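Asks: Handing you this structure, nothing more for now.
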Amino acid sequence: MSEFLDLLRQYDVAHAFWVNLQLTFWGGLLALGIGTVLAVMRISPLTSLRWAGATYVNLVRNTPLTVIMVFLVLAVWTQLGVTLSGDFTSNFFNFAVAGLGVYHAAFVCESIRSGVNTVPVGQAEAARAIGLPFLAAARIIVLPQAFRGAVAPLGNTLIALLKNSTVAAAASVAESSGTMKTLIEFHPDYRWQVFVTFAIGFVVLVIPIGLATTWLSRRLAVTR
Amino acid sequence: MRKHTIGALALAATAALTFSACSSGSVGNEAGSSDTANTADGGGKTIRIGIKYDQPGLGFQDGANFTGFDVDVARYVAGKLGYTEDQIQFVESPSAQRESMLQTGQVDMIFATYSITDARKEVVDFAGPYFVAGQDLLVSADNTDITGPESLEGKNLCSVTGSTSAQKIKDQYPGVNLLERPGYAECATALAAGQVDAVTTDDIILAGLAATDANKGKLKVVGAPFSTERYGVGIPQGSDQCEAINTAIGEMIEDGTWEQLIEKNTEGTGYTPNDAENPPAQDACS
């Protein structure tokens with residue numbers, strides 16, 4: 001057992017999980033930004049914006065994340081020569097964050113839209129009645145209530161994002177799934193322990209997120 | 001209500017743990033029972049051989065056909081063990097699944113660039129080796145400044161996620177920019193596009209990549225191997241096939257087939273296996 005713990009230290013498993021958390025944080029931030037813009041587009045009165053938002057969501061949501069990652073690295077970096085950072089390693093980290101952000105933005109958008117549905121139509125009508133234009137009504141009246149109603153689905157998206165951050169291995173980021181592969185390559189005699197360790201690692205990370213978002217969604221829910 | 005949620009979560013976690021514990025136990029049992037099954041139909045029926053599907057020149061799926069050195073050696077050895085061509089069933093065995101596939105009896109033997117290591121010997125047995133490869137570098141044909149791993153400082157290098165070769169670079173040459181891809185074909189693409197300066201893994205895999213139609217004449221193997229990878233035949237622990245496989249490999253080397261197969265699968269790349277190590281003598285069976 002102590003030999004196995006040494007292995008985990010030698011291959012720096014803790015750091016690998018830390019990379020996943022960093023990917024999740026930055027990817028989540030990017031997804032929240034893009035997703036909010038998309039959600040506003042999808043509830044806007046302009047047909048063309050609604051259409052553009054819907055197209056993005058349907059296109060990106062139905063594309064496998066691995067395909068997006070491989071596209072970013074093989075097409076955008078390899079063939080087009082686009083780089084997101086001067087440093088070789090952080091370049092791929094940034095690509096992975098971009099891939100995660102772009103992909104999960106579609107889910108964030110739909111979560112927020114579900115939150116918008118919890119806001120009674122009367123709220124938007126009242127905003128219109130006092131003369132607020134669309135953007136101001138969305139910013140001041142609708143979105144603050146929508147976010148409070150969308151905490152639970154956003155939490156689900158965050159959990160999915162954390163688990164999906166392992167796909168960053170396809171973008172050459174040294175994170176937990178790549179480390180797991182290396183460990184199995186060198187120490188097949190420990191492969192069950194390795195597998196269980198990584199599975200538990202993710203359970204330990206995911207459960208607090210689930211508990212926190214459930215608690216927050218109850219606390220923040222608008223009582224009507 | 002909240003207590004309820006936590007209870008449910010705890011239950012789910014325990015269930016997950018029990019499940020994984022169960023599956024590891026049952027896998028061990030299966031390995032035992034399938035072993036006896038294998039020996040029972042040793043003379044007839046089919047033999048399932050694990051190979052790589054994505055390594056041109058070694059184990060490669062080309063439509064319905066399988067080509068490459070590993071595949072050819074597997075056919076020869078299976079032939080010597082008394083199996084005809086249509087009794088051989090090839091199964092894909094990716095690196096990370098090779099031990100599990102042998103233990104659960106999904107395959108009878110594995111010819112898949114499977115290096116003999118002590119850690120692996122803890123869980124599977126090996127016959128062979130039938131080839132000794134070495135980690136080497138693949139560069140574009142007109143490159144002259146990369147002569148070995150020492151000349152890689154500050155250069156971009158590509159290898160496969162989780163592979164022995166990738167780890168060796170990380171451990172011993174930290175000044176190298178390492179790009180990790182899921183497969184070698186993607187590394188070759190990045191090399192052809194000029195985004196990486198070299199691809200690294202075992203020399204014979206690189207020779208196979210260089211020999212594909214898309215890369216012919218554009219890429220070359222540097223030819224300065226800096227590790228020793230002894231490719232063995234993976235068999236389930238306690239298998240009685242080891243001696244027979246070793247005899248077959250010995251005959252293959254003696255009658256000149258071994259050399260022919262190497263030439264056939266690396267044709268046009270100017271690749272020659274490391275003479276000091278090849279052809280290898282087979283280890284004694286445990």
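Every chain in the structure tokens has a letter given in the order shown (A, B, ...), and although residue numbers restart at 1 in each chain, ligands are simply numbered from 1 in the order shown.
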Go through chain A residue by residue and, counting only C-alpha atoms, keep those with an atom at most 7 Å from chain B; for each kept residue give the shortest atom pair and its distance in Å to one decimal, ordered by chain and increasing number, as a tab-separated table.
Replies:
residue	atom	partner	partner_atom	distance
A:Thr78	CA	B:Ala190	CA	5.7
A:Gln79	CA	B:Ala193	CA	6.3
A:Phe88	CA	B:Asn177	CA	6.3
A:Ala170	CA	B:Pro182	CA	6.2
A:Ser172	CA	B:Glu180	CA	4.6
A:Gly178	CA	B:Gly162	CA	5.7
A:Thr179	CA	B:Gly162	CA	6.6
A:Lys181	CA	B:Gly162	CA	4.8
A:Thr182	CA	B:Gly162	CA	3.9
A:Ile184	CA	B:Ala96	CA	6.2
A:Glu185	CA	B:Ala96	CA	6.1
A:Phe186	CA	B:Ala119	CA	6.9
A:His187	CA	B:Ala119	CA	5.6
A:Pro188	CA	B:Arg120	CA	5.8
A:Asp189	CA	B:Val123	CA	5.7
A:Trp192	CA	B:Ser24	CA	6.9
Asks: Quick one: everything within 10 Å of range 246-260 of chain B, counting only C-alpha atoms, minus sequence neighbours fewer than 4 positions away in the same chain. Send it as a PyMOL selection string.
Replies: chain B and resi 69+72-74+76-81+126-131+232-233+241-242+264-265+272-273+278-285
Asks: Write out, as a compact mmCIF listing (two decimals), in the first residue's frame, the residues just selected, with C-alpha atoms.
Replies:
# COMPACT_ATOMS: atom_id res chain seq x y z
CA PHE B 69 5.29 -6.82 -38.62
CA ASP B 72 2.98 -11.19 -39.72
CA VAL B 73 4.86 -12.58 -36.73
CA ALA B 74 1.52 -13.46 -35.09
CA TYR B 76 3.73 -17.22 -38.40
CA VAL B 77 3.65 -18.21 -34.74
CA ALA B 78 -0.04 -19.19 -34.88
CA GLY B 79 0.77 -21.27 -37.95
CA LYS B 80 3.49 -23.10 -36.06
CA LEU B 81 1.07 -23.70 -33.18
CA PHE B 126 5.72 -13.16 -21.79
CA ALA B 127 7.17 -15.35 -24.52
CA GLY B 128 9.88 -13.98 -26.79
CA PRO B 129 11.21 -11.37 -27.30
CA TYR B 130 10.79 -11.46 -31.07
CA PHE B 131 12.17 -7.97 -31.66
CA GLY B 232 7.42 -9.98 -26.24
CA VAL B 233 4.32 -12.04 -26.81
CA GLN B 241 2.09 -21.90 -24.61
CA CYS B 242 5.33 -20.06 -23.81
CA LYS B 264 8.70 -6.05 -46.11
CA ASN B 265 7.16 -3.83 -43.43
CA THR B 272 17.61 -1.32 -40.27
CA PRO B 273 17.00 -2.75 -36.82
CA ASN B 278 18.62 -8.11 -33.16
CA PRO B 279 17.56 -10.73 -33.86
CA PRO B 280 17.05 -11.38 -30.16
CA ALA B 281 17.51 -14.61 -28.22
CA GLN B 282 14.33 -15.69 -26.44
CA ASP B 283 14.09 -15.55 -22.65
CA ALA B 284 13.61 -18.76 -20.73
CA CYS B 285 9.98 -19.43 -19.87
Asks: Out of A:Arg113, A:Pro144, A:Met41, A:Leu30, which residue has the shortest atom-to-atom distance to Gly99 in chain A when counting only C-alpha atoms?
Replies: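 Distance minimum relative to Gly99 in chain A lands on A:Leu30.
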Asks: Which of range 80-223 of chain A counts as helix (DSSP H, G or I) under DSSP, as a VMD selection string please?
Replies: chain A and resid 88 to 116 121 to 129 134 to 149 151 to 171 176 to 186 188 to 220
Asks: Do a neighbour search on range 119-121 of chain A at 7 Å with only C-alpha atoms, toss out local chain neighbours closer than 2 positions, and write the hits as a CSV table (one decimal) with N, CA and C atoms, in the first residue's frame.
Replies:
chain,number,residue,atom,x,y,z
A,116,VAL,N,-34.8,31.7,-17.2
A,116,VAL,CA,-35.6,32.8,-17.7
A,116,VAL,C,-37.1,32.3,-17.6
A,117,ASN,N,-37.3,31.1,-17.9
A,117,ASN,CA,-38.7,30.5,-17.9
A,117,ASN,C,-39.3,30.6,-16.5
A,123,GLN,N,-43.3,40.2,-15.2
A,123,GLN,CA,-42.1,40.9,-14.8
A,123,GLN,C,-41.5,41.7,-16.0
A,124,ALA,N,-41.4,41.0,-17.2
A,124,ALA,CA,-40.9,41.6,-18.4
A,124,ALA,C,-41.9,42.6,-18.9
A,125,GLU,N,-43.2,42.3,-18.8
A,125,GLU,CA,-44.2,43.3,-19.2
A,125,GLU,C,-44.2,44.6,-18.4
A,142,VAL,N,-34.9,40.7,-15.7
A,142,VAL,CA,-35.1,39.3,-16.0
A,142,VAL,C,-33.9,38.5,-15.6
A,145,GLN,N,-33.2,37.5,-11.8
A,145,GLN,CA,-34.1,36.4,-11.3
A,145,GLN,C,-33.8,35.1,-12.0
A,146,ALA,N,-33.5,35.2,-13.3
A,146,ALA,CA,-33.2,34.0,-14.1
A,146,ALA,C,-32.0,33.2,-13.5
Asks: Could you pull out the strand (DSSP E or B) residues of range 15-199 of chain B, going by DSSP on the backbone, and write them as a ChimeraX atom specification?
Replies: /B:47-51,54-55,59-62,65-67,88-92,109-110,115,124-133,135-140,156-160,177-181,198-199
Asks: Figure out the distance between CA of Asp171 in chain B and CA of Ser177 in chain A, please, to one decimal in Å.
Replies: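 Between CA of Ser177 in chain A and CA of Asp171 in chain B the gap works out to 18.7 Å.
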Asks: With only C-alpha atoms as the counted atoms, please give the residues lying no more than 9 Å from Leu216 in chain A, apart from itself and same-chain residues fewer than 5 positions off, as a ChimeraX atom specification.
Replies: /A:148,151-152,211,221
Asks: Emit the selected residues as a compact mmCIF listing (two decimals), in the first residue's frame, including N, CA, C and O atoms.
Replies:
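That gives us result_21.txt:
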# COMPACT_ATOMS: atom_id res chain seq x y z
N ARG A 148 -30.92 33.21 -10.50
CA ARG A 148 -31.27 32.58 -9.22
C ARG A 148 -32.07 31.31 -9.43
O ARG A 148 -31.96 30.35 -8.67
N VAL A 151 -29.59 28.16 -10.82
CA VAL A 151 -28.41 27.67 -10.10
C VAL A 151 -28.26 26.15 -10.22
O VAL A 151 -27.17 25.64 -10.49
N ALA A 152 -29.35 25.41 -10.06
CA ALA A 152 -29.25 23.95 -10.12
C ALA A 152 -28.79 23.44 -11.49
O ALA A 152 -27.83 22.68 -11.57
N LEU A 211 -23.54 19.33 -3.70
CA LEU A 211 -24.14 19.78 -2.44
C LEU A 211 -24.24 21.30 -2.40
O LEU A 211 -25.27 21.86 -2.02
N ALA A 221 -33.41 30.71 -4.47
CA ALA A 221 -34.64 30.64 -5.25
C ALA A 221 -35.55 31.81 -4.91
O ALA A 221 -35.68 32.20 -3.74
Asks: If we count only C-alpha atoms and set the cut-off at 12 Å, which residues sit around Asp145 in chain B, ignoring sequence neighbours fewer than 4 positions away in its own chain? Please answer as a PDB file with N, CA, C and O atoms, in the first residue's frame.
Replies:
ATOM      1  N   VAL B 139      12.072  12.560 -38.071  1.00  0.00           N
ATOM      2  CA  VAL B 139      12.161  13.970 -38.459  1.00  0.00           C
ATOM      3  C   VAL B 139      11.852  14.080 -39.948  1.00  0.00           C
ATOM      4  O   VAL B 139      11.763  13.070 -40.647  1.00  0.00           O
ATOM      5  N   SER B 140      11.694  15.305 -40.440  1.00  0.00           N
ATOM      6  CA  SER B 140      11.455  15.445 -41.864  1.00  0.00           C
ATOM      7  C   SER B 140      12.747  15.113 -42.612  1.00  0.00           C
ATOM      8  O   SER B 140      13.849  15.272 -42.088  1.00  0.00           O
ATOM      9  N   ALA B 141      12.593  14.635 -43.846  1.00  0.00           N
ATOM     10  CA  ALA B 141      13.713  14.046 -44.584  1.00  0.00           C
ATOM     11  C   ALA B 141      14.879  15.017 -44.769  1.00  0.00           C
ATOM     12  O   ALA B 141      16.040  14.604 -44.864  1.00  0.00           O
ATOM     13  N   PRO B 149      18.487  12.692 -28.886  1.00  0.00           N
ATOM     14  CA  PRO B 149      17.680  13.419 -27.899  1.00  0.00           C
ATOM     15  C   PRO B 149      18.383  14.659 -27.340  1.00  0.00           C
ATOM     16  O   PRO B 149      17.719  15.608 -26.935  1.00  0.00           O
ATOM     17  N   GLU B 150      19.730  14.668 -27.355  1.00  0.00           N
ATOM     18  CA  GLU B 150      20.456  15.816 -26.787  1.00  0.00           C
ATOM     19  C   GLU B 150      20.249  17.070 -27.642  1.00  0.00           C
ATOM     20  O   GLU B 150      20.324  18.189 -27.151  1.00  0.00           O
ATOM     21  N   SER B 151      20.015  16.872 -28.949  1.00  0.00           N
ATOM     22  CA  SER B 151      19.874  18.030 -29.834  1.00  0.00           C
ATOM     23  C   SER B 151      18.437  18.551 -29.868  1.00  0.00           C
ATOM     24  O   SER B 151      18.083  19.354 -30.713  1.00  0.00           O
ATOM     25  N   LEU B 152      17.594  18.089 -28.923  1.00  0.00           N
ATOM     26  CA  LEU B 152      16.186  18.485 -28.942  1.00  0.00           C
ATOM     27  C   LEU B 152      15.873  19.679 -28.060  1.00  0.00           C
ATOM     28  O   LEU B 152      14.764  20.186 -28.092  1.00  0.00           O
ATOM     29  N   GLU B 153      16.848  20.121 -27.264  1.00  0.00           N
ATOM     30  CA  GLU B 153      16.647  21.225 -26.327  1.00  0.00           C
ATOM     31  C   GLU B 153      15.894  22.391 -26.979  1.00  0.00           C
ATOM     32  O   GLU B 153      16.321  22.927 -27.997  1.00  0.00           O
ATOM     33  N   LYS B 155      13.256  22.347 -28.650  1.00  0.00           N
ATOM     34  CA  LYS B 155      12.503  22.005 -29.857  1.00  0.00           C
ATOM     35  C   LYS B 155      11.146  21.397 -29.471  1.00  0.00           C
ATOM     36  O   LYS B 155      10.924  20.972 -28.340  1.00  0.00           O
ATOM     37  N   ASP B 197       9.093  19.450 -34.441  1.00  0.00           N
ATOM     38  CA  ASP B 197      10.337  19.179 -35.147  1.00  0.00           C
ATOM     39  C   ASP B 197      10.607  17.690 -35.254  1.00  0.00           C
ATOM     40  O   ASP B 197      11.328  17.245 -36.146  1.00  0.00           O
ATOM     41  N   ALA B 198      10.056  16.923 -34.320  1.00  0.00           N
ATOM     42  CA  ALA B 198      10.320  15.495 -34.327  1.00  0.00           C
ATOM     43  C   ALA B 198       9.197  14.749 -33.629  1.00  0.00           C
ATOM     44  O   ALA B 198       8.449  15.313 -32.843  1.00  0.00           O
ATOM     45  N   VAL B 222      15.891   8.957 -37.409  1.00  0.00           N
ATOM     46  CA  VAL B 222      17.243   9.440 -37.150  1.00  0.00           C
ATOM     47  C   VAL B 222      18.233   8.281 -37.027  1.00  0.00           C
ATOM     48  O   VAL B 222      19.352   8.342 -37.527  1.00  0.00           O
TER      49      VAL B 222
END
Asks: Provide the CA of Val97 in chain A to CA of Trp26 in chain A distance in Å, to one decimal place.
Replies: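 Separation of CA of Val97 in chain A and CA of Trp26 in chain A: 6.3 Å.
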Asks: Between A:Val76, A:Leu23, A:Val13, A:Leu5, which has the minimum distance to Gly201 in chain A (counting only C-alpha atoms)?
Replies: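 Smallest distance to Gly201 in chain A is found for A:Val13.
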Asks: Could you work out how far CA of Tyr231 in chain B lies from CA of Ala211 in chain B, giving the answer in Å with one decimal?
Replies: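 Going from CA of Ala211 in chain B over to CA of Tyr231 in chain B covers 20.3 Å.
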Asks: Could you tell me which of A:Gly115, A:Gly33, A:Gly210, A:Pro133 comes closest to Ala160 in chain A if we count only C-alpha atoms?
Replies: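 Selected residue with least distance to Ala160 in chain A: A:Gly210.
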Asks: Looking at A:Ile140, A:Leu162, A:Val37, A:Leu49, which one is nearest to Val108 in chain A, with distances taken over only C-alpha atoms?
Replies: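 Between A:Ile140, A:Leu162, A:Val37, A:Leu49, the residue approaching Val108 in chain A most closely is A:Val37.
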Asks: Determine, counting only C-alpha atoms, which protein, DNA and RNA residues have an atom within 9 Å of an atom of Pro153 in chain A; residues of the same chain fewer than 6 positions away are not included. Present the result as a list in words.
Replies: Phe107, Val108, Glu110, Ser111, Ile112, Ser114, Gly115 and Thr213 of chain A
Asks: Any chance you could export the current selection's C-alpha atoms as a PDB file, in the first residue's frame?
Replies:
ATOM      1  CA  PHE A 107     -25.282  24.190 -22.043  1.00  0.00           C
ATOM      2  CA  VAL A 108     -24.911  27.311 -19.902  1.00  0.00           C
ATOM      3  CA  GLU A 110     -29.836  26.561 -22.112  1.00  0.00           C
ATOM      4  CA  SER A 111     -29.576  26.515 -18.306  1.00  0.00           C
ATOM      5  CA  ILE A 112     -30.019  30.280 -18.162  1.00  0.00           C
ATOM      6  CA  SER A 114     -34.564  27.549 -18.297  1.00  0.00           C
ATOM      7  CA  GLY A 115     -34.011  30.105 -15.525  1.00  0.00           C
ATOM      8  CA  THR A 213     -25.312  24.087  -5.825  1.00  0.00           C
TER       9      THR A 213
END
